[in-house]
file structure.txt (compact mmCIF, N, CA, C and O atoms)
# COMPACT_ATOMS: atom_id res chain seq x y z
N MET A 467 -11.61 -14.51 -17.58
CA MET A 467 -10.29 -15.04 -17.89
C MET A 467 -9.29 -13.88 -17.91
O MET A 467 -9.56 -12.83 -18.48
N GLU A 468 -8.15 -14.11 -17.30
CA GLU A 468 -7.13 -13.07 -17.20
C GLU A 468 -6.44 -12.86 -18.54
O GLU A 468 -6.14 -13.81 -19.27
N ASN A 469 -6.18 -11.61 -18.86
CA ASN A 469 -5.48 -11.25 -20.08
C ASN A 469 -4.02 -11.67 -19.95
O ASN A 469 -3.32 -11.21 -19.05
N PRO A 470 -3.52 -12.54 -20.86
CA PRO A 470 -2.13 -13.02 -20.76
C PRO A 470 -1.10 -11.88 -20.86
O PRO A 470 -0.04 -11.94 -20.24
N ASP A 471 -1.41 -10.84 -21.64
CA ASP A 471 -0.49 -9.71 -21.75
C ASP A 471 -0.37 -8.97 -20.42
O ASP A 471 0.73 -8.56 -20.02
N LEU A 472 -1.50 -8.81 -19.73
CA LEU A 472 -1.47 -8.14 -18.43
C LEU A 472 -0.76 -9.00 -17.40
O LEU A 472 -0.04 -8.49 -16.53
N LYS A 473 -0.95 -10.32 -17.45
CA LYS A 473 -0.27 -11.24 -16.55
C LYS A 473 1.24 -11.14 -16.76
O LYS A 473 2.01 -11.07 -15.80
N TYR A 474 1.66 -11.09 -18.01
CA TYR A 474 3.08 -10.97 -18.33
C TYR A 474 3.64 -9.66 -17.79
O TYR A 474 4.69 -9.63 -17.16
N LEU A 475 2.92 -8.55 -18.00
CA LEU A 475 3.35 -7.24 -17.52
C LEU A 475 3.42 -7.23 -15.99
O LEU A 475 4.39 -6.74 -15.40
N SER A 476 2.42 -7.78 -15.34
CA SER A 476 2.39 -7.88 -13.89
C SER A 476 3.60 -8.66 -13.38
O SER A 476 4.27 -8.24 -12.43
N ASP A 477 3.89 -9.79 -13.99
CA ASP A 477 5.03 -10.61 -13.60
C ASP A 477 6.34 -9.85 -13.80
O ASP A 477 7.25 -9.94 -12.97
N GLN A 478 6.44 -9.08 -14.88
CA GLN A 478 7.64 -8.29 -15.14
C GLN A 478 7.84 -7.20 -14.10
O GLN A 478 8.95 -6.97 -13.63
N ILE A 479 6.76 -6.52 -13.73
CA ILE A 479 6.84 -5.47 -12.71
C ILE A 479 7.28 -6.06 -11.38
O ILE A 479 8.16 -5.52 -10.70
N LYS A 480 6.68 -7.18 -11.00
CA LYS A 480 7.04 -7.82 -9.73
C LYS A 480 8.49 -8.30 -9.73
O LYS A 480 9.21 -8.13 -8.74
N ALA A 481 8.94 -8.85 -10.84
CA ALA A 481 10.33 -9.31 -10.94
C ALA A 481 11.29 -8.13 -10.84
O ALA A 481 12.34 -8.22 -10.18
N LYS A 482 10.95 -7.03 -11.47
CA LYS A 482 11.81 -5.84 -11.42
C LYS A 482 11.88 -5.29 -10.00
O LYS A 482 12.96 -4.87 -9.54
N ALA A 483 10.78 -5.30 -9.28
CA ALA A 483 10.76 -4.83 -7.89
C ALA A 483 11.72 -5.67 -7.04
O ALA A 483 12.49 -5.13 -6.25
N ILE A 484 11.69 -6.98 -7.22
CA ILE A 484 12.58 -7.87 -6.47
C ILE A 484 14.02 -7.59 -6.87
O ILE A 484 14.91 -7.49 -6.02
N GLU A 485 14.26 -7.42 -8.16
CA GLU A 485 15.60 -7.11 -8.66
C GLU A 485 16.14 -5.80 -8.05
O GLU A 485 17.33 -5.67 -7.77
N LEU A 486 15.26 -4.84 -7.82
CA LEU A 486 15.65 -3.55 -7.26
C LEU A 486 15.88 -3.60 -5.75
O LEU A 486 16.29 -2.61 -5.14
N GLY A 487 15.58 -4.75 -5.13
CA GLY A 487 15.87 -4.90 -3.72
C GLY A 487 14.65 -4.90 -2.80
O GLY A 487 14.80 -4.97 -1.57
N PHE A 488 13.46 -4.84 -3.36
CA PHE A 488 12.27 -4.94 -2.52
C PHE A 488 12.05 -6.41 -2.17
O PHE A 488 12.44 -7.31 -2.90
N TYR A 489 11.40 -6.64 -1.03
CA TYR A 489 11.18 -8.00 -0.56
C TYR A 489 9.94 -8.63 -1.16
O TYR A 489 9.84 -9.84 -1.24
N ALA A 490 9.00 -7.81 -1.56
CA ALA A 490 7.77 -8.32 -2.17
C ALA A 490 7.13 -7.19 -2.96
O ALA A 490 7.44 -6.01 -2.77
N CYS A 491 6.24 -7.57 -3.85
CA CYS A 491 5.53 -6.61 -4.68
C CYS A 491 4.15 -7.17 -4.97
O CYS A 491 4.00 -8.36 -5.25
N GLY A 492 3.15 -6.31 -4.88
CA GLY A 492 1.79 -6.72 -5.21
C GLY A 492 1.12 -5.65 -6.05
O GLY A 492 1.48 -4.47 -5.99
N ILE A 493 0.17 -6.06 -6.82
CA ILE A 493 -0.58 -5.14 -7.68
C ILE A 493 -2.06 -5.36 -7.41
O ILE A 493 -2.54 -6.49 -7.42
N SER A 494 -2.74 -4.26 -7.13
CA SER A 494 -4.17 -4.36 -6.82
C SER A 494 -4.94 -3.33 -7.63
O SER A 494 -4.37 -2.37 -8.15
N LYS A 495 -6.24 -3.52 -7.69
CA LYS A 495 -7.12 -2.61 -8.39
C LYS A 495 -7.23 -1.29 -7.61
O LYS A 495 -7.34 -1.30 -6.39
N ALA A 496 -7.18 -0.18 -8.31
CA ALA A 496 -7.36 1.13 -7.68
C ALA A 496 -8.85 1.33 -7.45
O ALA A 496 -9.62 1.44 -8.41
N THR A 497 -9.25 1.35 -6.21
CA THR A 497 -10.65 1.48 -5.86
C THR A 497 -10.79 2.05 -4.45
O THR A 497 -9.80 2.12 -3.71
N PHE A 498 -11.98 2.46 -4.09
CA PHE A 498 -12.24 2.94 -2.73
C PHE A 498 -12.03 1.79 -1.75
O PHE A 498 -12.41 0.65 -2.03
N LEU A 499 -11.43 2.09 -0.61
CA LEU A 499 -11.10 1.07 0.38
C LEU A 499 -11.95 1.28 1.64
O LEU A 499 -11.52 1.93 2.59
N PRO A 500 -13.17 0.74 1.67
CA PRO A 500 -14.08 1.02 2.79
C PRO A 500 -13.55 0.53 4.14
O PRO A 500 -13.70 1.22 5.15
N GLU A 501 -12.94 -0.64 4.19
CA GLU A 501 -12.42 -1.15 5.47
C GLU A 501 -11.28 -0.26 5.97
O GLU A 501 -11.20 0.04 7.17
N ASP A 502 -10.41 0.16 5.06
CA ASP A 502 -9.32 1.05 5.45
C ASP A 502 -9.86 2.40 5.88
O ASP A 502 -9.33 3.02 6.82
N ALA A 503 -10.91 2.88 5.23
CA ALA A 503 -11.53 4.16 5.61
C ALA A 503 -12.07 4.07 7.04
O ALA A 503 -11.88 4.99 7.84
N ASN A 504 -12.72 2.96 7.37
CA ASN A 504 -13.23 2.77 8.72
C ASN A 504 -12.11 2.72 9.75
O ASN A 504 -12.20 3.33 10.82
N ARG A 505 -11.04 1.98 9.43
CA ARG A 505 -9.90 1.88 10.35
C ARG A 505 -9.23 3.24 10.53
O ARG A 505 -8.86 3.62 11.65
N LEU A 506 -9.05 3.99 9.43
CA LEU A 506 -8.42 5.30 9.52
C LEU A 506 -9.29 6.26 10.33
O LEU A 506 -8.77 7.02 11.17
N THR A 507 -10.58 6.22 10.11
CA THR A 507 -11.49 7.07 10.89
C THR A 507 -11.33 6.79 12.38
O THR A 507 -11.16 7.72 13.18
N LYS A 508 -11.37 5.53 12.76
CA LYS A 508 -11.24 5.16 14.18
C LYS A 508 -9.87 5.56 14.71
O LYS A 508 -9.76 6.10 15.81
N TRP A 509 -8.84 5.31 13.94
CA TRP A 509 -7.47 5.63 14.34
C TRP A 509 -7.33 7.12 14.61
O TRP A 509 -6.75 7.53 15.61
N LEU A 510 -7.90 7.93 13.72
CA LEU A 510 -7.85 9.39 13.90
C LEU A 510 -8.70 9.82 15.11
O LEU A 510 -8.25 10.63 15.93
N GLN A 511 -9.91 9.26 15.23
CA GLN A 511 -10.79 9.61 16.35
C GLN A 511 -10.16 9.24 17.69
O GLN A 511 -10.35 9.94 18.69
N ASP A 512 -9.41 8.15 17.71
CA ASP A 512 -8.76 7.70 18.95
C ASP A 512 -7.48 8.48 19.23
O ASP A 512 -6.81 8.23 20.24
N GLY A 513 -7.11 9.40 18.34
CA GLY A 513 -5.92 10.21 18.54
C GLY A 513 -4.62 9.47 18.38
O GLY A 513 -3.57 9.90 18.87
N LYS A 514 -4.64 8.35 17.65
CA LYS A 514 -3.44 7.54 17.48
C LYS A 514 -2.38 8.21 16.60
O LYS A 514 -1.26 7.76 16.54
N HIS A 515 -2.77 9.27 15.92
CA HIS A 515 -1.82 9.97 15.06
C HIS A 515 -0.98 10.98 15.83
O HIS A 515 -0.13 11.65 15.24
N ALA A 516 -1.19 11.07 17.14
CA ALA A 516 -0.39 11.92 18.05
C ALA A 516 -0.26 13.32 17.48
O ALA A 516 -1.27 13.98 17.24
N GLU A 517 0.96 13.77 17.23
CA GLU A 517 1.19 15.12 16.71
C GLU A 517 1.26 15.16 15.19
O GLU A 517 1.59 16.19 14.60
N MET A 518 0.96 14.04 14.55
CA MET A 518 0.98 13.99 13.08
C MET A 518 -0.36 14.50 12.54
O MET A 518 -1.12 13.77 11.92
N ASN A 519 -0.64 15.77 12.77
CA ASN A 519 -1.92 16.35 12.38
C ASN A 519 -2.18 16.27 10.88
O ASN A 519 -3.34 16.25 10.46
N TYR A 520 -1.13 16.21 10.10
CA TYR A 520 -1.29 16.10 8.65
C TYR A 520 -2.05 14.84 8.25
O TYR A 520 -2.63 14.78 7.17
N MET A 521 -2.09 13.85 9.13
CA MET A 521 -2.82 12.62 8.81
C MET A 521 -4.32 12.86 8.69
O MET A 521 -5.03 12.06 8.09
N GLU A 522 -4.80 13.97 9.23
CA GLU A 522 -6.21 14.31 9.13
C GLU A 522 -6.54 14.92 7.76
O GLU A 522 -7.70 15.00 7.38
N ASN A 523 -5.50 15.35 7.05
CA ASN A 523 -5.70 15.98 5.74
C ASN A 523 -5.90 14.93 4.64
O ASN A 523 -5.36 13.83 4.71
N TYR A 524 -6.66 15.28 3.66
CA TYR A 524 -6.83 14.49 2.43
C TYR A 524 -7.37 13.08 2.70
O TYR A 524 -6.91 12.10 2.12
N PHE A 525 -8.35 13.00 3.59
CA PHE A 525 -8.91 11.70 3.95
C PHE A 525 -9.34 10.90 2.73
O PHE A 525 -9.04 9.72 2.60
N ARG A 526 -10.05 11.55 1.80
CA ARG A 526 -10.56 10.82 0.62
C ARG A 526 -9.41 10.30 -0.23
O ARG A 526 -9.50 9.21 -0.79
N LYS A 527 -8.32 11.05 -0.33
CA LYS A 527 -7.17 10.60 -1.11
C LYS A 527 -6.47 9.43 -0.42
O LYS A 527 -5.88 8.58 -1.08
N ARG A 528 -6.53 9.39 0.89
CA ARG A 528 -5.88 8.30 1.62
C ARG A 528 -6.67 7.00 1.52
O ARG A 528 -6.14 5.92 1.78
N THR A 529 -7.95 7.08 1.17
CA THR A 529 -8.79 5.88 1.14
C THR A 529 -9.28 5.52 -0.26
O THR A 529 -9.99 4.53 -0.42
N ASP A 530 -8.89 6.32 -1.25
CA ASP A 530 -9.27 6.01 -2.63
C ASP A 530 -8.16 6.51 -3.56
O ASP A 530 -8.06 7.71 -3.83
N PRO A 531 -7.30 5.62 -4.04
CA PRO A 531 -6.17 6.03 -4.87
C PRO A 531 -6.58 6.78 -6.15
O PRO A 531 -5.80 7.54 -6.69
N ARG A 532 -7.81 6.60 -6.58
CA ARG A 532 -8.27 7.31 -7.79
C ARG A 532 -8.42 8.80 -7.53
O ARG A 532 -8.47 9.59 -8.47
N LYS A 533 -8.48 9.19 -6.25
CA LYS A 533 -8.55 10.62 -5.91
C LYS A 533 -7.18 11.28 -6.04
O LYS A 533 -7.08 12.49 -6.14
N LEU A 534 -6.13 10.48 -6.00
CA LEU A 534 -4.78 11.00 -6.21
C LEU A 534 -4.49 11.14 -7.70
O LEU A 534 -3.88 12.11 -8.13
N LEU A 535 -4.91 10.17 -8.46
CA LEU A 535 -4.70 10.15 -9.90
C LEU A 535 -5.97 9.60 -10.53
O LEU A 535 -6.25 8.41 -10.47
N ASP A 536 -6.76 10.49 -11.11
CA ASP A 536 -8.13 10.12 -11.52
C ASP A 536 -8.21 9.00 -12.55
O ASP A 536 -9.23 8.33 -12.63
N LYS A 537 -7.18 8.74 -13.29
CA LYS A 537 -7.23 7.66 -14.28
C LYS A 537 -6.51 6.40 -13.80
O LYS A 537 -6.27 5.49 -14.57
N ALA A 538 -6.19 6.37 -12.52
CA ALA A 538 -5.48 5.20 -11.97
C ALA A 538 -6.34 3.95 -12.12
O ALA A 538 -7.54 3.97 -11.85
N LYS A 539 -5.73 2.90 -12.54
CA LYS A 539 -6.41 1.60 -12.68
C LYS A 539 -5.88 0.59 -11.67
O LYS A 539 -6.60 -0.29 -11.23
N SER A 540 -4.59 0.72 -11.34
CA SER A 540 -3.94 -0.23 -10.45
C SER A 540 -3.02 0.50 -9.48
O SER A 540 -2.59 1.62 -9.75
N VAL A 541 -2.72 -0.19 -8.37
CA VAL A 541 -1.78 0.32 -7.39
C VAL A 541 -0.68 -0.73 -7.23
O VAL A 541 -0.98 -1.91 -7.02
N ILE A 542 0.55 -0.28 -7.34
CA ILE A 542 1.69 -1.17 -7.13
C ILE A 542 2.23 -0.89 -5.74
O ILE A 542 2.59 0.25 -5.42
N SER A 543 2.28 -1.92 -4.92
CA SER A 543 2.79 -1.79 -3.55
C SER A 543 4.03 -2.66 -3.42
O SER A 543 4.06 -3.79 -3.90
N VAL A 544 5.04 -2.12 -2.76
CA VAL A 544 6.28 -2.87 -2.54
C VAL A 544 6.58 -2.93 -1.05
O VAL A 544 6.14 -2.09 -0.28
N LEU A 545 7.31 -3.95 -0.66
CA LEU A 545 7.69 -4.17 0.73
C LEU A 545 9.20 -4.01 0.85
O LEU A 545 9.96 -4.62 0.08
N PHE A 546 9.62 -3.15 1.77
CA PHE A 546 11.04 -2.95 2.01
C PHE A 546 11.31 -3.05 3.50
O PHE A 546 10.59 -2.44 4.31
N ASN A 547 12.33 -3.78 3.87
CA ASN A 547 12.69 -3.97 5.26
C ASN A 547 13.66 -2.87 5.67
O ASN A 547 14.79 -2.81 5.21
N TYR A 548 13.21 -1.98 6.56
CA TYR A 548 14.06 -0.90 7.06
C TYR A 548 15.13 -1.41 8.02
O TYR A 548 16.07 -0.70 8.35
N PHE A 549 14.95 -2.60 8.52
CA PHE A 549 15.89 -3.18 9.48
C PHE A 549 16.42 -4.51 8.94
O PHE A 549 16.04 -5.58 9.42
N PRO A 550 17.32 -4.46 7.95
CA PRO A 550 17.76 -5.70 7.29
C PRO A 550 18.48 -6.66 8.24
O PRO A 550 18.56 -7.84 7.94
N GLU A 551 18.96 -6.15 9.39
CA GLU A 551 19.61 -7.06 10.34
C GLU A 551 18.59 -7.99 10.99
O GLU A 551 18.95 -9.00 11.56
N LYS A 552 17.31 -7.64 10.89
CA LYS A 552 16.25 -8.51 11.42
C LYS A 552 15.63 -9.28 10.26
O LYS A 552 15.29 -8.72 9.24
N GLN A 553 15.46 -10.55 10.45
CA GLN A 553 14.85 -11.39 9.43
C GLN A 553 13.36 -11.08 9.32
O GLN A 553 12.69 -10.86 10.33
N LEU A 554 12.84 -11.10 8.11
CA LEU A 554 11.41 -10.95 7.92
C LEU A 554 10.71 -12.24 8.34
O LEU A 554 11.24 -13.33 8.15
N PRO A 555 9.52 -12.13 8.92
CA PRO A 555 8.80 -13.35 9.33
C PRO A 555 8.50 -14.25 8.13
O PRO A 555 8.16 -13.77 7.05
N LYS A 556 8.66 -15.52 8.32
CA LYS A 556 8.41 -16.49 7.25
C LYS A 556 6.92 -16.62 6.93
O LYS A 556 6.55 -17.02 5.84
N ASP A 557 6.05 -16.24 7.88
CA ASP A 557 4.61 -16.41 7.69
C ASP A 557 3.97 -15.21 7.00
O ASP A 557 2.75 -15.10 6.94
N ASN A 558 4.79 -14.27 6.50
CA ASN A 558 4.28 -13.05 5.84
C ASN A 558 3.45 -12.18 6.77
O ASN A 558 2.63 -11.40 6.32
N ASN A 559 3.64 -12.32 8.07
CA ASN A 559 2.93 -11.52 9.06
C ASN A 559 3.76 -10.27 9.38
O ASN A 559 4.35 -10.17 10.44
N TYR A 560 3.81 -9.36 8.41
CA TYR A 560 4.64 -8.17 8.53
C TYR A 560 3.92 -7.05 9.26
O TYR A 560 2.71 -6.97 9.24
N LYS A 561 4.70 -6.17 9.87
CA LYS A 561 4.19 -4.91 10.41
C LYS A 561 4.52 -3.86 9.36
O LYS A 561 5.69 -3.64 9.03
N ILE A 562 3.50 -3.23 8.84
CA ILE A 562 3.68 -2.29 7.72
C ILE A 562 3.23 -0.91 8.13
O ILE A 562 2.20 -0.74 8.78
N SER A 563 4.03 0.08 7.77
CA SER A 563 3.64 1.46 8.05
C SER A 563 3.47 2.20 6.74
O SER A 563 3.91 1.79 5.70

call {"tool": "encode", "arguments": {"input": "structure.txt", "output": "structure tokens"}}
result
Amino acid sequence: MENPDLKYLSDQIKAKAIELGFYACGISKATFLPEDANRLTKWLQDGKHAEMNYMENYFRKRTDPRKLLDKAKSVISVLFNYFPEKQLPKDNNYKIS
């Protein structure tokens, strides 16, 4: 059963993100991301990072947020449209970088 205090805090964070101008906000558990690690490995091996050699650095930190902040419990992600003249897709099928 979800803790009502945490649900309230989560709702407040998401509402504040929208108030600040973000299009969406999500909160997830800070944990190792095996699927993302596999995708990043392939992306790097395929040379998709072009001249962005820094993308090869800190692989473990890029795939496990707890490596950035060892006591991290959650990750707050926000969505911002860099091109406000273009409407965001209604189906939530965004291209995210």

call {"tool": "closest_residue", "arguments": {"input": "structure.txt", "among": "A:Thr507, A:Asn559, A:Gln553, A:Ser543", "to": "Ile484 in chain A", "atoms": "only C-alpha atoms"}}
result
A:Ser543

call {"tool": "atom_distance", "arguments": {"input": "structure.txt", "atom1": "CA of Leu510 in chain A", "atom2": "atom N of Glu522 in chain A"}}
result
7.2 Å

call {"tool": "residues_near_point", "arguments": {"input": "structure.txt", "point": "(-8.0, 7.4, 9.9)", "cutoff": "12 Å", "atoms": "only C-alpha atoms", "output": "PDB file with N, CA, C and O atoms, keeping the file's coordinate frame"}}
result
ATOM      1  N   LEU A 499     -11.430   2.090  -0.610  1.00  0.00           N
ATOM      2  CA  LEU A 499     -11.100   1.070   0.380  1.00  0.00           C
ATOM      3  C   LEU A 499     -11.950   1.280   1.640  1.00  0.00           C
ATOM      4  O   LEU A 499     -11.520   1.930   2.590  1.00  0.00           O
ATOM      5  N   PRO A 500     -13.170   0.740   1.670  1.00  0.00           N
ATOM      6  CA  PRO A 500     -14.080   1.020   2.790  1.00  0.00           C
ATOM      7  C   PRO A 500     -13.550   0.530   4.140  1.00  0.00           C
ATOM      8  O   PRO A 500     -13.700   1.220   5.150  1.00  0.00           O
ATOM      9  N   GLU A 501     -12.940  -0.640   4.190  1.00  0.00           N
ATOM     10  CA  GLU A 501     -12.420  -1.150   5.470  1.00  0.00           C
ATOM     11  C   GLU A 501     -11.280  -0.260   5.970  1.00  0.00           C
ATOM     12  O   GLU A 501     -11.200   0.040   7.170  1.00  0.00           O
ATOM     13  N   ASP A 502     -10.410   0.160   5.060  1.00  0.00           N
ATOM     14  CA  ASP A 502      -9.320   1.050   5.450  1.00  0.00           C
ATOM     15  C   ASP A 502      -9.860   2.400   5.880  1.00  0.00           C
ATOM     16  O   ASP A 502      -9.330   3.020   6.820  1.00  0.00           O
ATOM     17  N   ALA A 503     -10.910   2.880   5.230  1.00  0.00           N
ATOM     18  CA  ALA A 503     -11.530   4.160   5.610  1.00  0.00           C
ATOM     19  C   ALA A 503     -12.070   4.070   7.040  1.00  0.00           C
ATOM     20  O   ALA A 503     -11.880   4.990   7.840  1.00  0.00           O
ATOM     21  N   ASN A 504     -12.720   2.960   7.370  1.00  0.00           N
ATOM     22  CA  ASN A 504     -13.230   2.770   8.720  1.00  0.00           C
ATOM     23  C   ASN A 504     -12.110   2.720   9.750  1.00  0.00           C
ATOM     24  O   ASN A 504     -12.200   3.330  10.820  1.00  0.00           O
ATOM     25  N   ARG A 505     -11.040   1.980   9.430  1.00  0.00           N
ATOM     26  CA  ARG A 505      -9.900   1.880  10.350  1.00  0.00           C
ATOM     27  C   ARG A 505      -9.230   3.240  10.530  1.00  0.00           C
ATOM     28  O   ARG A 505      -8.860   3.620  11.650  1.00  0.00           O
ATOM     29  N   LEU A 506      -9.050   3.990   9.430  1.00  0.00           N
ATOM     30  CA  LEU A 506      -8.420   5.300   9.520  1.00  0.00           C
ATOM     31  C   LEU A 506      -9.290   6.260  10.330  1.00  0.00           C
ATOM     32  O   LEU A 506      -8.770   7.020  11.170  1.00  0.00           O
ATOM     33  N   THR A 507     -10.580   6.220  10.110  1.00  0.00           N
ATOM     34  CA  THR A 507     -11.490   7.070  10.890  1.00  0.00           C
ATOM     35  C   THR A 507     -11.330   6.790  12.380  1.00  0.00           C
ATOM     36  O   THR A 507     -11.160   7.720  13.180  1.00  0.00           O
ATOM     37  N   LYS A 508     -11.370   5.530  12.760  1.00  0.00           N
ATOM     38  CA  LYS A 508     -11.240   5.160  14.180  1.00  0.00           C
ATOM     39  C   LYS A 508      -9.870   5.560  14.710  1.00  0.00           C
ATOM     40  O   LYS A 508      -9.760   6.100  15.810  1.00  0.00           O
ATOM     41  N   TRP A 509      -8.840   5.310  13.940  1.00  0.00           N
ATOM     42  CA  TRP A 509      -7.470   5.630  14.340  1.00  0.00           C
ATOM     43  C   TRP A 509      -7.330   7.120  14.610  1.00  0.00           C
ATOM     44  O   TRP A 509      -6.750   7.530  15.610  1.00  0.00           O
ATOM     45  N   LEU A 510      -7.900   7.930  13.720  1.00  0.00           N
ATOM     46  CA  LEU A 510      -7.850   9.390  13.900  1.00  0.00           C
ATOM     47  C   LEU A 510      -8.700   9.820  15.110  1.00  0.00           C
ATOM     48  O   LEU A 510      -8.250  10.630  15.930  1.00  0.00           O
ATOM     49  N   GLN A 511      -9.910   9.260  15.230  1.00  0.00           N
ATOM     50  CA  GLN A 511     -10.790   9.610  16.350  1.00  0.00           C
ATOM     51  C   GLN A 511     -10.160   9.240  17.690  1.00  0.00           C
ATOM     52  O   GLN A 511     -10.350   9.940  18.690  1.00  0.00           O
ATOM     53  N   ASP A 512      -9.410   8.150  17.710  1.00  0.00           N
ATOM     54  CA  ASP A 512      -8.760   7.700  18.950  1.00  0.00           C
ATOM     55  C   ASP A 512      -7.480   8.480  19.230  1.00  0.00           C
ATOM     56  O   ASP A 512      -6.810   8.230  20.240  1.00  0.00           O
ATOM     57  N   GLY A 513      -7.110   9.400  18.340  1.00  0.00           N
ATOM     58  CA  GLY A 513      -5.920  10.210  18.540  1.00  0.00           C
ATOM     59  C   GLY A 513      -4.620   9.470  18.380  1.00  0.00           C
ATOM     60  O   GLY A 513      -3.570   9.900  18.870  1.00  0.00           O
ATOM     61  N   LYS A 514      -4.640   8.350  17.650  1.00  0.00           N
ATOM     62  CA  LYS A 514      -3.440   7.540  17.480  1.00  0.00           C
ATOM     63  C   LYS A 514      -2.380   8.210  16.600  1.00  0.00           C
ATOM     64  O   LYS A 514      -1.260   7.760  16.540  1.00  0.00           O
ATOM     65  N   HIS A 515      -2.770   9.270  15.920  1.00  0.00           N
ATOM     66  CA  HIS A 515      -1.820   9.970  15.060  1.00  0.00           C
ATOM     67  C   HIS A 515      -0.980  10.980  15.830  1.00  0.00           C
ATOM     68  O   HIS A 515      -0.130  11.650  15.240  1.00  0.00           O
ATOM     69  N   MET A 518       0.960  14.040  14.550  1.00  0.00           N
ATOM     70  CA  MET A 518       0.980  13.990  13.080  1.00  0.00           C
ATOM     71  C   MET A 518      -0.360  14.500  12.540  1.00  0.00           C
ATOM     72  O   MET A 518      -1.120  13.770  11.920  1.00  0.00           O
ATOM     73  N   ASN A 519      -0.640  15.770  12.770  1.00  0.00           N
ATOM     74  CA  ASN A 519      -1.920  16.350  12.380  1.00  0.00           C
ATOM     75  C   ASN A 519      -2.180  16.270  10.880  1.00  0.00           C
ATOM     76  O   ASN A 519      -3.340  16.250  10.460  1.00  0.00           O
ATOM     77  N   TYR A 520      -1.130  16.210  10.100  1.00  0.00           N
ATOM     78  CA  TYR A 520      -1.290  16.100   8.650  1.00  0.00           C
ATOM     79  C   TYR A 520      -2.050  14.840   8.250  1.00  0.00           C
ATOM     80  O   TYR A 520      -2.630  14.780   7.170  1.00  0.00           O
ATOM     81  N   MET A 521      -2.090  13.850   9.130  1.00  0.00           N
ATOM     82  CA  MET A 521      -2.820  12.620   8.810  1.00  0.00           C
ATOM     83  C   MET A 521      -4.320  12.860   8.690  1.00  0.00           C
ATOM     84  O   MET A 521      -5.030  12.060   8.090  1.00  0.00           O
ATOM     85  N   GLU A 522      -4.800  13.970   9.230  1.00  0.00           N
ATOM     86  CA  GLU A 522      -6.210  14.310   9.130  1.00  0.00           C
ATOM     87  C   GLU A 522      -6.540  14.920   7.760  1.00  0.00           C
ATOM     88  O   GLU A 522      -7.700  15.000   7.380  1.00  0.00           O
ATOM     89  N   ASN A 523      -5.500  15.350   7.050  1.00  0.00           N
ATOM     90  CA  ASN A 523      -5.700  15.980   5.740  1.00  0.00           C
ATOM     91  C   ASN A 523      -5.900  14.930   4.640  1.00  0.00           C
ATOM     92  O   ASN A 523      -5.360  13.830   4.710  1.00  0.00           O
ATOM     93  N   TYR A 524      -6.660  15.280   3.660  1.00  0.00           N
ATOM     94  CA  TYR A 524      -6.830  14.490   2.430  1.00  0.00           C
ATOM     95  C   TYR A 524      -7.370  13.080   2.700  1.00  0.00           C
ATOM     96  O   TYR A 524      -6.910  12.100   2.120  1.00  0.00           O
ATOM     97  N   PHE A 525      -8.350  13.000   3.590  1.00  0.00           N
ATOM     98  CA  PHE A 525      -8.910  11.700   3.950  1.00  0.00           C
ATOM     99  C   PHE A 525      -9.340  10.900   2.730  1.00  0.00           C
ATOM    100  O   PHE A 525      -9.040   9.720   2.600  1.00  0.00           O
ATOM    101  N   ARG A 526     -10.050  11.550   1.800  1.00  0.00           N
ATOM    102  CA  ARG A 526     -10.560  10.820   0.620  1.00  0.00           C
ATOM    103  C   ARG A 526      -9.410  10.300  -0.230  1.00  0.00           C
ATOM    104  O   ARG A 526      -9.500   9.210  -0.790  1.00  0.00           O
ATOM    105  N   LYS A 527      -8.320  11.050  -0.330  1.00  0.00           N
ATOM    106  CA  LYS A 527      -7.170  10.600  -1.110  1.00  0.00           C
ATOM    107  C   LYS A 527      -6.470   9.430  -0.420  1.00  0.00           C
ATOM    108  O   LYS A 527      -5.880   8.580  -1.080  1.00  0.00           O
ATOM    109  N   ARG A 528      -6.530   9.390   0.890  1.00  0.00           N
ATOM    110  CA  ARG A 528      -5.880   8.300   1.620  1.00  0.00           C
ATOM    111  C   ARG A 528      -6.670   7.000   1.520  1.00  0.00           C
ATOM    112  O   ARG A 528      -6.140   5.920   1.780  1.00  0.00           O
ATOM    113  N   THR A 529      -7.950   7.080   1.170  1.00  0.00           N
ATOM    114  CA  THR A 529      -8.790   5.880   1.140  1.00  0.00           C
ATOM    115  C   THR A 529      -9.280   5.520  -0.260  1.00  0.00           C
ATOM    116  O   THR A 529      -9.990   4.530  -0.420  1.00  0.00           O
TER     117      THR A 529
END

call {"tool": "atom_distance", "arguments": {"input": "structure.txt", "atom1": "atom C of Pro531 in chain A", "atom2": "atom C of Asp557 in chain A"}}
result
27.7 Å

call {"tool": "residues_near_point", "arguments": {"input": "structure.txt", "point": "(-2.1, 2.4, -10.0)", "cutoff": "7 Å", "atoms": "only N, CA, C and O atoms", "output": "list of chain:residue names"}}
result
A:Ser494, A:Lys495, A:Ala496, A:Lys537, A:Ala538, A:Lys539, A:Ser540, A:Val541, A:Ile542

call {"tool": "closest_residue", "arguments": {"input": "structure.txt", "among": "A:Lys473, A:Cys491, A:Ile562, A:Leu486", "to": "Val544 in chain A", "atoms": "only N, CA, C and O atoms"}}
result
A:Cys491

call {"tool": "atom_distance", "arguments": {"input": "structure.txt", "atom1": "CA of Gly492 in chain A", "atom2": "CA of Asp477 in chain A"}}
result
9.8 Å

call {"tool": "select_by_dssp", "arguments": {"input": "structure.txt", "residues": "chain A", "states": "strand (DSSP E or B)", "output": "MDAnalysis selection string"}}
result
chainID A and resid 490:495 540:545

call {"tool": "closest_residue", "arguments": {"input": "structure.txt", "among": "A:Asn469, A:Phe488, A:Thr497, A:Lys480", "to": "Asp530 in chain A", "atoms": "all atoms listed in the file"}}
result
A:Thr497

call {"tool": "select_by_dssp", "arguments": {"input": "structure.txt", "residues": "chain A", "states": "alpha helix (DSSP H)", "output": "ChimeraX atom specification"}}
result
/A:470-485,500-511,525-529

call {"tool": "closest_residue", "arguments": {"input": "structure.txt", "among": "A:Gln478, A:Phe498, A:Ala483, A:Leu472", "to": "Arg532 in chain A", "atoms": "only N, CA, C and O atoms"}}
result
A:Phe498

call {"tool": "closest_residue", "arguments": {"input": "structure.txt", "among": "A:Asn547, A:Glu468, A:Lys556, A:Ser476", "to": "Ile493 in chain A", "atoms": "all atoms listed in the file"}}
result
A:Ser476
